[in-house]
Structures are given as C-alpha cells and as structure tokens.
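Shown next: target.txt, given as compact mmCIF, C-alpha atoms.
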```
# COMPACT_ATOMS: atom_id res chain seq x y z
CA MET A 22 -10.71 21.85 122.67
CA GLN A 23 -9.30 25.19 121.74
CA GLU A 24 -8.48 25.90 125.37
CA ALA A 25 -6.67 22.59 125.68
CA GLN A 26 -4.66 23.48 122.62
CA ALA A 27 -3.77 26.91 123.98
CA GLY A 28 -2.68 25.24 127.20
CA TYR A 29 -0.51 22.85 125.24
CA VAL A 30 1.21 25.67 123.38
CA LYS A 31 1.92 27.47 126.63
CA THR A 32 3.46 24.40 128.26
CA SER A 33 5.66 23.73 125.28
CA ASP A 34 6.87 27.34 125.21
CA PHE A 35 7.66 27.02 128.91
CA MET A 36 9.47 23.74 128.33
CA SER A 37 11.52 25.11 125.46
CA GLY A 38 12.43 28.06 127.69
CA LEU A 39 13.57 25.64 130.39
CA ARG A 40 15.65 23.69 127.89
CA ALA A 41 17.18 26.84 126.41
CA GLY A 42 18.15 27.88 129.94
CA VAL A 43 20.15 24.79 130.91
CA SER A 44 23.43 26.25 129.72
CA ILE A 45 22.72 29.43 131.69
CA ALA A 46 22.04 27.34 134.78
CA ILE A 47 25.41 25.62 134.31
CA GLY A 48 27.15 28.93 133.71
CA TYR A 49 25.63 30.58 136.79
CA PHE A 50 26.84 27.81 139.08
CA PRO A 51 30.48 28.92 139.49
CA VAL A 52 29.59 32.62 139.51
CA ALA A 53 26.96 32.29 142.24
CA VAL A 54 28.97 29.75 144.25
CA THR A 55 31.83 32.24 144.32
CA PHE A 56 29.44 35.00 145.34
CA GLY A 57 28.11 32.87 148.21
CA LEU A 58 31.62 32.10 149.34
CA LEU A 59 32.82 35.72 149.11
CA SER A 60 29.72 36.98 150.84
CA LYS A 61 30.32 34.64 153.75
CA SER A 62 33.94 35.68 154.03
CA SER A 63 32.95 39.35 154.01
CA GLY A 64 30.78 38.69 157.03
CA LEU A 65 27.23 38.70 155.62
CA THR A 66 24.76 36.25 157.15
CA LEU A 67 23.14 33.45 155.14
CA ALA A 68 19.82 35.35 155.08
CA GLU A 69 21.50 38.52 153.79
CA THR A 70 23.43 36.60 151.15
CA LEU A 71 20.37 34.74 149.89
CA SER A 72 18.20 37.88 149.90
CA MET A 73 20.81 39.61 147.82
CA SER A 74 20.64 36.85 145.18
CA LEU A 75 16.84 36.58 145.35
CA ILE A 76 15.96 40.30 145.39
CA VAL A 77 18.80 41.95 143.47
CA TYR A 78 19.61 39.04 141.13
CA ALA A 79 22.44 40.70 139.24
CA GLY A 80 25.85 39.06 139.35
CA ALA A 81 28.27 41.90 138.78
CA ALA A 82 26.34 44.31 141.01
CA GLN A 83 26.32 41.79 143.86
CA TYR A 84 30.09 41.35 143.64
CA ILE A 85 30.63 45.09 143.57
CA ALA A 86 28.33 45.56 146.57
CA LEU A 87 30.48 43.17 148.62
CA ASN A 88 33.59 44.99 147.54
CA LEU A 89 32.21 48.45 148.34
CA LEU A 90 30.77 47.27 151.68
CA SER A 91 34.18 45.98 152.71
CA LEU A 92 35.67 49.35 151.77
CA GLY A 93 33.10 51.03 154.00
CA ILE A 94 31.38 52.87 151.14
CA GLY A 95 27.93 54.29 151.92
CA ILE A 96 24.66 52.62 151.00
CA ALA A 97 23.47 55.39 148.67
CA GLU A 98 26.67 55.16 146.64
CA ILE A 99 26.39 51.38 146.32
CA ILE A 100 22.80 51.73 145.12
CA LEU A 101 23.85 54.35 142.59
CA ALA A 102 26.69 52.12 141.35
CA THR A 103 24.16 49.30 141.00
CA PHE A 104 21.90 51.51 138.92
CA ILE A 105 24.73 52.62 136.62
CA LEU A 106 25.90 49.05 136.15
CA ASN A 107 22.44 47.63 135.51
CA SER A 108 20.98 50.39 133.38
CA ARG A 109 22.35 48.35 130.47
CA HIS A 110 19.32 46.10 130.92
CA PHE A 111 17.16 48.98 129.75
CA LEU A 112 18.51 48.48 126.25
CA MET A 113 18.08 44.71 126.48
CA SER A 114 14.48 44.94 127.69
CA ALA A 115 13.70 47.43 124.92
CA SER A 116 15.13 45.01 122.37
CA ILE A 117 13.11 42.10 123.83
CA GLN A 118 9.96 44.22 123.90
CA ALA A 119 10.38 45.02 120.19
CA ARG A 120 10.31 41.29 119.42
CA SER A 121 7.84 40.15 122.06
CA ALA A 122 4.36 38.74 121.45
CA LYS A 123 1.40 40.94 122.43
CA GLU A 124 0.67 39.77 125.96
CA PRO A 125 -0.71 41.31 129.15
CA LEU A 126 1.61 43.83 130.78
CA TRP A 127 1.64 42.04 134.15
CA LYS A 128 3.21 38.96 132.58
CA LYS A 129 5.93 41.10 131.03
CA LEU A 130 6.54 42.91 134.31
CA ILE A 131 7.14 39.52 135.92
CA TYR A 132 9.52 38.18 133.30
CA ALA A 133 11.25 41.57 133.12
CA PHE A 134 12.69 40.70 136.54
CA GLY A 135 14.50 37.78 134.91
CA ILE A 136 16.22 39.82 132.18
CA THR A 137 19.97 39.32 132.55
CA ASP A 138 22.82 39.49 130.03
CA GLU A 139 22.43 35.74 129.60
CA THR A 140 18.62 35.33 129.38
CA PHE A 141 18.51 38.33 127.06
CA SER A 142 21.11 36.77 124.75
CA VAL A 143 19.37 33.40 124.60
CA ALA A 144 15.90 34.90 124.14
CA SER A 145 16.83 37.38 121.47
CA LEU A 146 18.74 34.87 119.36
CA LYS A 147 15.85 32.42 119.15
CA SER A 148 13.64 32.72 116.08
CA GLY A 149 10.06 33.97 116.19
CA LYS A 150 8.15 36.06 118.71
CA ILE A 151 9.27 36.00 122.32
CA THR A 152 6.44 34.72 124.51
CA ALA A 153 5.87 34.96 128.25
CA GLY A 154 5.80 31.16 128.52
CA PHE A 155 9.28 30.93 127.06
CA MET A 156 10.57 33.73 129.26
CA PHE A 157 9.11 32.11 132.41
CA GLY A 158 10.88 28.84 131.59
CA LEU A 159 14.14 30.52 130.68
CA GLY A 160 14.09 32.98 133.57
CA GLY A 161 12.91 30.35 136.05
CA ILE A 162 15.73 27.89 135.52
CA ALA A 163 18.34 30.68 135.49
CA TYR A 164 16.94 32.25 138.69
CA GLY A 165 16.66 28.85 140.37
CA SER A 166 20.27 28.04 139.57
CA TRP A 167 21.42 31.48 140.78
CA ALA A 168 19.66 31.09 144.13
CA MET A 169 20.60 27.43 144.69
CA SER A 170 24.24 28.00 143.73
CA THR A 171 24.45 31.01 146.07
CA LEU A 172 23.20 28.79 148.89
CA LEU A 173 25.62 25.98 148.01
CA GLY A 174 28.48 28.47 147.76
CA TYR A 175 27.72 29.93 151.17
CA LEU A 176 27.45 26.52 152.82
CA PHE A 177 30.05 24.42 150.98
CA GLY A 178 31.94 26.77 148.64
CA ALA A 179 35.21 26.47 150.52
CA SER A 180 35.37 22.72 149.93
CA LEU A 181 34.95 22.82 146.13
CA PRO A 182 38.08 21.93 144.14
CA ASP A 183 39.75 25.05 142.69
CA VAL A 184 40.33 23.37 139.32
CA LEU A 185 36.58 22.99 138.82
CA LYS A 186 35.70 26.52 139.98
CA GLU A 187 38.41 28.07 137.83
CA SER A 188 37.73 26.14 134.66
CA MET A 189 34.00 26.80 134.98
CA GLY A 190 34.70 30.52 134.76
CA ILE A 191 34.68 30.10 130.98
CA ALA A 192 31.10 28.75 130.97
CA LEU A 193 29.15 31.97 130.38
CA TYR A 194 31.61 33.22 127.79
CA ALA A 195 31.46 29.86 125.99
CA MET A 196 27.68 30.22 125.97
CA PHE A 197 27.83 33.74 124.52
CA ILE A 198 30.22 32.49 121.84
CA ALA A 199 28.04 29.48 121.05
CA LEU A 200 25.04 31.80 120.61
CA LEU A 201 26.93 34.25 118.43
CA VAL A 202 28.93 31.97 116.10
CA PRO A 203 26.09 30.41 114.03
CA PRO A 204 24.37 33.70 112.99
CA LEU A 205 27.72 35.41 112.66
CA SER A 206 29.11 32.94 110.15
CA LYS A 207 26.04 33.45 107.95
CA SER A 208 25.78 37.25 107.86
CA ARG A 209 28.38 39.93 107.31
CA LYS A 210 26.16 42.51 108.98
CA ILE A 211 26.07 40.43 112.18
CA LEU A 212 29.83 39.97 112.00
CA SER A 213 30.28 43.76 111.73
CA LEU A 214 27.91 44.33 114.65
CA ALA A 215 29.75 41.90 116.92
CA LEU A 216 33.19 43.18 115.96
CA CYS A 217 32.18 46.82 116.43
CA GLY A 218 30.52 46.07 119.78
CA ALA A 219 33.64 44.23 120.97
CA GLY A 220 35.98 46.89 119.58
CA PHE A 221 34.21 49.83 121.21
CA ASN A 222 33.94 47.98 124.51
CA PHE A 223 37.64 47.19 124.42
CA LEU A 224 38.55 50.82 123.75
CA PHE A 225 36.27 52.24 126.44
CA THR A 226 37.35 49.80 129.14
CA TYR A 227 41.04 49.54 128.22
CA PHE A 228 41.55 53.31 128.29
CA GLU A 229 39.22 53.56 131.28
CA LEU A 230 36.99 56.06 129.48
CA LEU A 231 33.80 54.52 130.86
CA SER A 232 32.77 52.19 133.69
CA THR A 233 31.83 48.60 132.77
CA GLY A 234 28.08 49.21 132.71
CA TRP A 235 28.17 52.41 130.66
CA SER A 236 30.78 50.97 128.33
CA LEU A 237 28.53 48.03 127.47
CA ILE A 238 25.52 50.27 126.74
CA THR A 239 27.52 52.81 124.75
CA SER A 240 29.31 50.14 122.72
CA ALA A 241 26.11 48.26 121.89
CA LEU A 242 24.27 51.45 120.92
CA LEU A 243 27.13 52.92 118.86
CA ALA A 244 27.66 49.65 117.00
CA SER A 245 23.94 49.05 116.38
CA ILE A 246 23.22 52.57 115.15
CA GLY A 247 26.50 52.95 113.24
CA VAL A 248 26.23 49.66 111.37
CA GLU A 249 22.54 50.23 110.60
CA TRP A 250 23.33 53.72 109.32
CA LEU A 251 26.14 52.42 107.07
CA TYR A 252 23.90 49.71 105.65
CA GLU A 253 21.11 52.21 105.03
CA LYS A 254 23.53 54.52 103.24
CA ARG A 255 24.94 51.73 101.07
CA LYS A 256 21.45 50.52 100.21
CA GLY A 257 20.47 54.07 99.22
CA ARG A 258 23.53 54.43 97.02
CA SER A 259 23.04 51.12 95.22
CA ARG A 260 19.43 52.08 94.54
CA ALA A 261 20.42 55.46 93.06
CA MET B 3 19.57 40.85 159.15
CA SER B 4 20.97 44.27 159.95
CA VAL B 5 18.75 47.20 158.99
CA SER B 6 21.35 48.90 156.81
CA ILE B 7 21.99 45.72 154.79
CA PHE B 8 18.24 45.29 154.41
CA ILE B 9 17.86 48.84 153.05
CA LEU B 10 20.85 48.25 150.78
CA ILE B 11 19.34 45.07 149.32
CA ILE B 12 15.93 46.67 148.72
CA GLY B 13 17.58 49.72 147.15
CA MET B 14 19.78 47.60 144.90
CA GLY B 15 16.74 45.52 143.98
CA ILE B 16 14.81 48.60 142.86
CA ALA B 17 17.83 50.03 141.03
CA THR B 18 18.12 46.74 139.13
CA TYR B 19 14.42 46.10 138.46
CA LEU B 20 13.60 49.59 137.11
CA PRO B 21 15.75 49.43 133.96
CA ARG B 22 14.57 45.85 133.42
CA MET B 23 10.87 46.68 133.48
CA LEU B 24 10.52 50.25 132.17
CA PRO B 25 10.83 49.40 128.44
CA PHE B 26 7.99 46.86 128.70
CA TRP B 27 5.84 49.49 130.33
CA LEU B 28 6.80 52.44 128.12
CA LEU B 29 7.35 50.93 124.67
CA LYS B 30 4.77 49.26 122.46
CA GLU B 31 5.53 45.96 120.75
CA GLY B 32 6.98 46.91 117.37
CA GLY B 33 5.82 50.50 117.79
CA LEU B 34 9.00 52.31 116.72
CA PRO B 35 9.96 53.67 113.26
CA PRO B 36 11.57 50.98 111.02
CA PHE B 37 15.11 52.35 111.39
CA TRP B 38 14.94 52.14 115.19
CA MET B 39 13.29 48.72 115.10
CA ARG B 40 16.26 47.49 113.07
CA VAL B 41 18.64 49.15 115.54
CA LEU B 42 16.91 47.27 118.37
CA GLU B 43 17.24 44.04 116.36
CA ASN B 44 20.97 44.77 116.01
CA ILE B 45 21.43 45.24 119.76
CA PRO B 46 21.76 41.52 120.66
CA TYR B 47 24.69 40.92 118.29
CA ALA B 48 26.51 44.10 119.25
CA THR B 49 25.88 43.34 122.95
CA LEU B 50 27.18 39.79 122.60
CA GLY B 51 30.35 41.09 120.97
CA ALA B 52 30.84 43.52 123.84
CA LEU B 53 29.96 40.92 126.49
CA ILE B 54 32.54 38.48 125.14
CA PHE B 55 35.40 40.86 124.51
CA PRO B 56 37.52 41.80 126.33
CA GLY B 57 35.86 40.11 129.38
CA VAL B 58 36.79 36.59 128.29
CA LEU B 59 40.49 37.47 128.64
CA TYR B 60 40.09 38.23 132.35
CA ILE B 61 38.55 34.99 133.64
CA GLN B 62 41.91 34.24 135.24
CA GLU B 63 45.00 36.28 135.91
CA ASN B 64 46.75 34.69 132.96
CA ILE B 65 44.95 36.04 129.89
CA TRP B 66 46.06 33.01 127.84
CA VAL B 67 43.62 30.83 129.79
CA GLY B 68 40.68 32.95 128.63
CA LEU B 69 42.06 33.10 125.11
CA VAL B 70 42.42 29.32 124.88
CA GLY B 71 38.94 28.83 126.39
CA GLY B 72 37.40 31.36 124.01
CA VAL B 73 39.09 29.92 120.93
CA SER B 74 38.00 26.40 121.98
CA ALA B 75 34.42 27.64 122.23
CA VAL B 76 34.64 29.20 118.75
CA VAL B 77 36.08 25.98 117.25
CA ILE B 78 33.51 23.72 118.92
CA SER B 79 30.71 26.07 117.78
CA LEU B 80 32.00 26.06 114.20
CA LEU B 81 31.86 22.26 114.26
CA GLY B 82 28.12 22.70 114.69
CA ALA B 83 27.75 21.61 118.32
CA ASN B 84 24.83 22.96 120.35
CA VAL B 85 25.24 25.45 123.20
CA ILE B 86 25.53 22.95 126.05
CA VAL B 87 28.19 20.90 124.26
CA VAL B 88 30.16 24.10 123.63
CA VAL B 89 29.89 25.09 127.31
CA LEU B 90 30.89 21.68 128.65
CA GLY B 91 33.59 21.24 125.99
CA SER B 92 35.25 24.55 126.85
CA ILE B 93 35.16 23.73 130.56
CA ALA B 94 36.76 20.35 129.79
CA VAL B 95 39.52 21.95 127.69
CA LEU B 96 40.43 24.35 130.51
CA ALA B 97 40.21 21.65 133.18
CA GLY B 98 42.54 19.51 131.06
CA LEU B 99 44.86 22.45 130.52
CA SER B 100 45.09 23.26 134.23
CA MET B 101 46.22 19.73 134.99
CA TYR B 102 49.27 20.25 132.78
CA MET B 103 50.10 23.66 134.20
```
Take the structure from the file and write it as structure tokens.
Amino acid sequence: MQEAQAGYVKTSDFMSGLRAGVSIAIGYFPVAVTFGLLSKSSGLTLAETLSMSLIVYAGAAQYIALNLLSLGIGIAEIILATFILNSRHFLMSASIQARSAKEPLWKKLIYAFGITDETFSVASLKSGKITAGFMFGLGGIAYGSWAMSTLLGYLFGASLPDVLKESMGIALYAMFIALLVPPLSKSRKILSLALCGAGFNFLFTYFELLSTGWSLITSALLASIGVEWLYEKRKGRSRA
Amino acid sequence: MSVSIFILIIGMGIATYLPRMLPFWLLKEGGLPPFWMRVLENIPYATLGALIFPGVLYIQENIWVGLVGGVSAVVISLLGANVIVVVLGSIAVLAGLSMYM
C-alpha cells in the first residue's frame, strides 16, 4: 500500500516535471534546429552533429564550437572555452542542491546532466523541495526536444520558413520573462535582484569587461550577495 | 566520425558536465550558513535578470524586434497567463510584426 503510494508520488512528480518542461521544449526547437543547420553547413556529419547535442548538450557552447572549428582553432582551446562558458552551471547546480530533497547521490548525478539555464530557471522557481522525479521529467523533455530538433535541423532545417525560425527566437526569453514576472511583481527584493543581475550583466558585456559565461556568473553572484547584504544591514538597523 | 571531432566532443562533454555535477557531490542539502543559503536562494532571480538582459535585444539584428518581443512577454505575463501562453503569444506577436515589415 505504502509502496504503491510512493510510486504514485514519483509518477506525479515526473509528470509535473514533463508539463513544466513543455515551454522549454518549444523554446529549444528553433535554437537546436539552427544548430543542426549550421553544423551541416560547417561540414560536420550527422553522427558528429547528433553526438554534440547528445553528449555536450549546451546550446551556446555548441554554437561557439562550430564557430571556432571553422576558424581553425585548436581542440584544447575550444574545450577551455566550453568550460569557461559553462562554469556558470556550477552556481545553478549549487542553488538547486540547496533546495533539493534528500535523495541518493546517483540520482542527482544523473539529473545534474540536465541542468541548463532553462531547466534551472523552471526548477528553482517552483515551490517546495526539488525532487529527482521532477528533474527527470523536466530534463527529459528538454533533452528530448534538443536532440530531436538538432536532427530535424540537420535534415530539413534549410526548408523551414525564415519567418517562423526568426520569430521563435524570442521563445526562451519569453519563458524567462514569464517565470520572472509573477514573483517579481510581488516582492521588491526579487525586483532588486533581477534589476541588479541585468544591470551588471549589461555593464560587463557592453564594455566587454568579461566573456558571456563569466559575466553571467559574476553578475548573478554580485547581485545575490549585494542585495542580501543590503537587506541584512537594513534589518539590523531597524532592529537597533 | 573523425578522431579529432570525437575527442573534441568528449572533452566538451566533460567540461560541461563537471560544473553541473560537482555541487551535488560536494555540497550537502541545506548545509550552508543561513546567509549563504539565502544568497543561493537569490541566485535564480539574479540569474534570470542577467539571462534576459541584454540578450533579448540581440535575437535579431534590429534590436527593436527583441524589445517588442520582450515587452509583449511582460504584458502577457502581467495579464496572468501561464508560461506556455506567454511563449506562444510572444512568438505570434513577432510573426505578425514580421509580416508588416
């Protein structure tokens, strides 16, 4: 009886993860289709293109790899660039871990593979503990869409109408905005966090002080620590 | 598959997976001092701000396209629509816009 109930809870977590991931799946479509298309035009085979999406599974890094390959940049440098760009996920995984349910490490090591900007955003803005079931659903549908769309892009990308591909470029941003607006309109602290994060990122990238990956990490950290520090200080003063 | 591309893909895979998995391995659930737990809870909102801006302006060469798309998403969200409606709505606005341009 109890086992059946536990099984039920797991399935429903998985299902709610799947549902929460639908907008990611839609948003990944144009990005991965374009990757498939670009990869084909830069001379990679279908197997290489698909392996890239299945093994690396990181949008921006995959684009940059194509770019650097075409410039004749060495493998070690591309791998280093990938690491710099994706080290931002360290912060995201740490934030997920802080809110995750106590579960076996091996499950977390599996769903860790599915941590992207998008799955992180969706998972961390849901209420309650983050479970492996939810992360498997969320990560699964996102990963599936990424792989399928890469394949479709490689095979048929050239024949997709430009209007559709171009207007779908807004999809992931629209999703980020849709996730941020509800909590942001309720809390001034969240509004300050988002504005500071955006402001720092703008400064660092506009004046080319930092590369995209480092800029995102630095902005998120500075905003999170700075705003928390200010709130702490104000709280201390009002108590005194 | 050429050997060098194969090595590249494996290397990129490791370089991407390491930062994704290390925190789960190294950090305990809720095991940090309260100040740093709150900082970690702040990270999603600060990250979302940084992910949206200024990136949204560069979805096409003309930054107005991104601006219109972004503002549409904000308006549709404020109306209380769920995430998928916001995503599809913003795509529709830009698709409509591109037919007039």
Using all atoms listed in the file, find each residue of chain B with at least one atom at most 7 Å away from an atom of chain A; report its shortest atom-to-atom pair and that distance in Å (one decimal), sort the rows by chain and rising residue number, and return the result as JSON lines.
```
{"residue": "B:Met3", "atom": "CA", "partner": "A:Glu69", "partner_atom": "CA", "distance": 6.2}
{"residue": "B:Leu10", "atom": "CA", "partner": "A:Ile96", "partner_atom": "CA", "distance": 5.8}
{"residue": "B:Ile11", "atom": "CA", "partner": "A:Met73", "partner_atom": "CA", "distance": 5.9}
{"residue": "B:Gly13", "atom": "CA", "partner": "A:Ile100", "partner_atom": "CA", "distance": 6.0}
{"residue": "B:Met14", "atom": "CA", "partner": "A:Ile100", "partner_atom": "CA", "distance": 5.1}
{"residue": "B:Gly15", "atom": "CA", "partner": "A:Val77", "partner_atom": "CA", "distance": 4.2}
{"residue": "B:Ala17", "atom": "CA", "partner": "A:Phe104", "partner_atom": "CA", "distance": 4.8}
{"residue": "B:Thr18", "atom": "CA", "partner": "A:Asn107", "partner_atom": "CA", "distance": 5.7}
{"residue": "B:Tyr19", "atom": "CA", "partner": "A:Phe134", "partner_atom": "CA", "distance": 6.0}
{"residue": "B:Pro21", "atom": "CA", "partner": "A:Phe111", "partner_atom": "CA", "distance": 4.5}
{"residue": "B:Arg22", "atom": "CA", "partner": "A:His110", "partner_atom": "CA", "distance": 5.4}
{"residue": "B:Met23", "atom": "CA", "partner": "A:Ala133", "partner_atom": "CA", "distance": 5.1}
{"residue": "B:Pro25", "atom": "CA", "partner": "A:Ala115", "partner_atom": "CA", "distance": 5.0}
{"residue": "B:Phe26", "atom": "CA", "partner": "A:Gln118", "partner_atom": "CA", "distance": 5.8}
{"residue": "B:Glu31", "atom": "CA", "partner": "A:Ala119", "partner_atom": "CA", "distance": 5.0}
{"residue": "B:Gly32", "atom": "CA", "partner": "A:Ala119", "partner_atom": "CA", "distance": 4.8}
{"residue": "B:Met39", "atom": "CA", "partner": "A:Ala119", "partner_atom": "CA", "distance": 6.9}
{"residue": "B:Val41", "atom": "CA", "partner": "A:Ser245", "partner_atom": "CA", "distance": 5.4}
{"residue": "B:Leu42", "atom": "CA", "partner": "A:Ser116", "partner_atom": "CA", "distance": 4.9}
{"residue": "B:Glu43", "atom": "CA", "partner": "A:Ser116", "partner_atom": "CA", "distance": 6.4}
{"residue": "B:Asn44", "atom": "CA", "partner": "A:Ser245", "partner_atom": "CA", "distance": 5.2}
{"residue": "B:Ile45", "atom": "CA", "partner": "A:Ser245", "partner_atom": "CA", "distance": 5.7}
{"residue": "B:Pro46", "atom": "CA", "partner": "A:Ser142", "partner_atom": "CA", "distance": 6.3}
{"residue": "B:Tyr47", "atom": "CA", "partner": "A:Ala215", "partner_atom": "CA", "distance": 5.3}
{"residue": "B:Ala48", "atom": "CA", "partner": "A:Gly218", "partner_atom": "CA", "distance": 4.5}
{"residue": "B:Thr49", "atom": "CA", "partner": "A:Ala241", "partner_atom": "CA", "distance": 5.0}
{"residue": "B:Leu50", "atom": "CA", "partner": "A:Phe197", "partner_atom": "CA", "distance": 6.4}
{"residue": "B:Gly51", "atom": "CA", "partner": "A:Ala215", "partner_atom": "CA", "distance": 4.2}
{"residue": "B:Ala52", "atom": "CA", "partner": "A:Ala219", "partner_atom": "CA", "distance": 4.1}
{"residue": "B:Ile54", "atom": "CA", "partner": "A:Tyr194", "partner_atom": "CA", "distance": 6.0}
{"residue": "B:Phe55", "atom": "CA", "partner": "A:Ala219", "partner_atom": "CA", "distance": 5.2}
{"residue": "B:Pro56", "atom": "CA", "partner": "A:Phe223", "partner_atom": "CA", "distance": 5.7}
{"residue": "B:Val58", "atom": "CA", "partner": "A:Tyr194", "partner_atom": "CA", "distance": 6.2}
{"residue": "B:Ile61", "atom": "CA", "partner": "A:Gly190", "partner_atom": "CA", "distance": 6.0}
{"residue": "B:Gly71", "atom": "CA", "partner": "A:Ile191", "partner_atom": "CA", "distance": 6.4}
{"residue": "B:Gly72", "atom": "CA", "partner": "A:Ala195", "partner_atom": "CA", "distance": 6.4}
{"residue": "B:Ala75", "atom": "CA", "partner": "A:Ala195", "partner_atom": "CA", "distance": 5.3}
{"residue": "B:Val76", "atom": "CA", "partner": "A:Ile198", "partner_atom": "CA", "distance": 6.3}
{"residue": "B:Ser79", "atom": "CA", "partner": "A:Ala199", "partner_atom": "CA", "distance": 5.4}
{"residue": "B:Leu80", "atom": "CA", "partner": "A:Val202", "partner_atom": "CA", "distance": 6.9}
{"residue": "B:Val85", "atom": "CA", "partner": "A:Ala199", "partner_atom": "CA", "distance": 5.4}
{"residue": "B:Ile86", "atom": "CA", "partner": "A:Ser44", "partner_atom": "CA", "distance": 5.4}
{"residue": "B:Val88", "atom": "CA", "partner": "A:Ala199", "partner_atom": "CA", "distance": 6.3}
{"residue": "B:Val89", "atom": "CA", "partner": "A:Ala195", "partner_atom": "CA", "distance": 5.2}
{"residue": "B:Ser92", "atom": "CA", "partner": "A:Ala195", "partner_atom": "CA", "distance": 6.6}
{"residue": "B:Ile93", "atom": "CA", "partner": "A:Ser188", "partner_atom": "CA", "distance": 5.4}
{"residue": "B:Leu96", "atom": "CA", "partner": "A:Ser188", "partner_atom": "CA", "distance": 5.3}
{"residue": "B:Ala97", "atom": "CA", "partner": "A:Ser188", "partner_atom": "CA", "distance": 5.3}
{"residue": "B:Ser100", "atom": "CA", "partner": "A:Val184", "partner_atom": "CA", "distance": 7.0}
```
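Each of A:Ala179, A:Gly57, A:Gly64, A:Ser37 was checked against A:Gly80 using all atoms listed in the file; the smallest atom-to-atom distance is that of A:Gly57.
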Do you have the atom CA of B:Ala94-atom CA of A:Leu176 distance handy? 25.6 Å
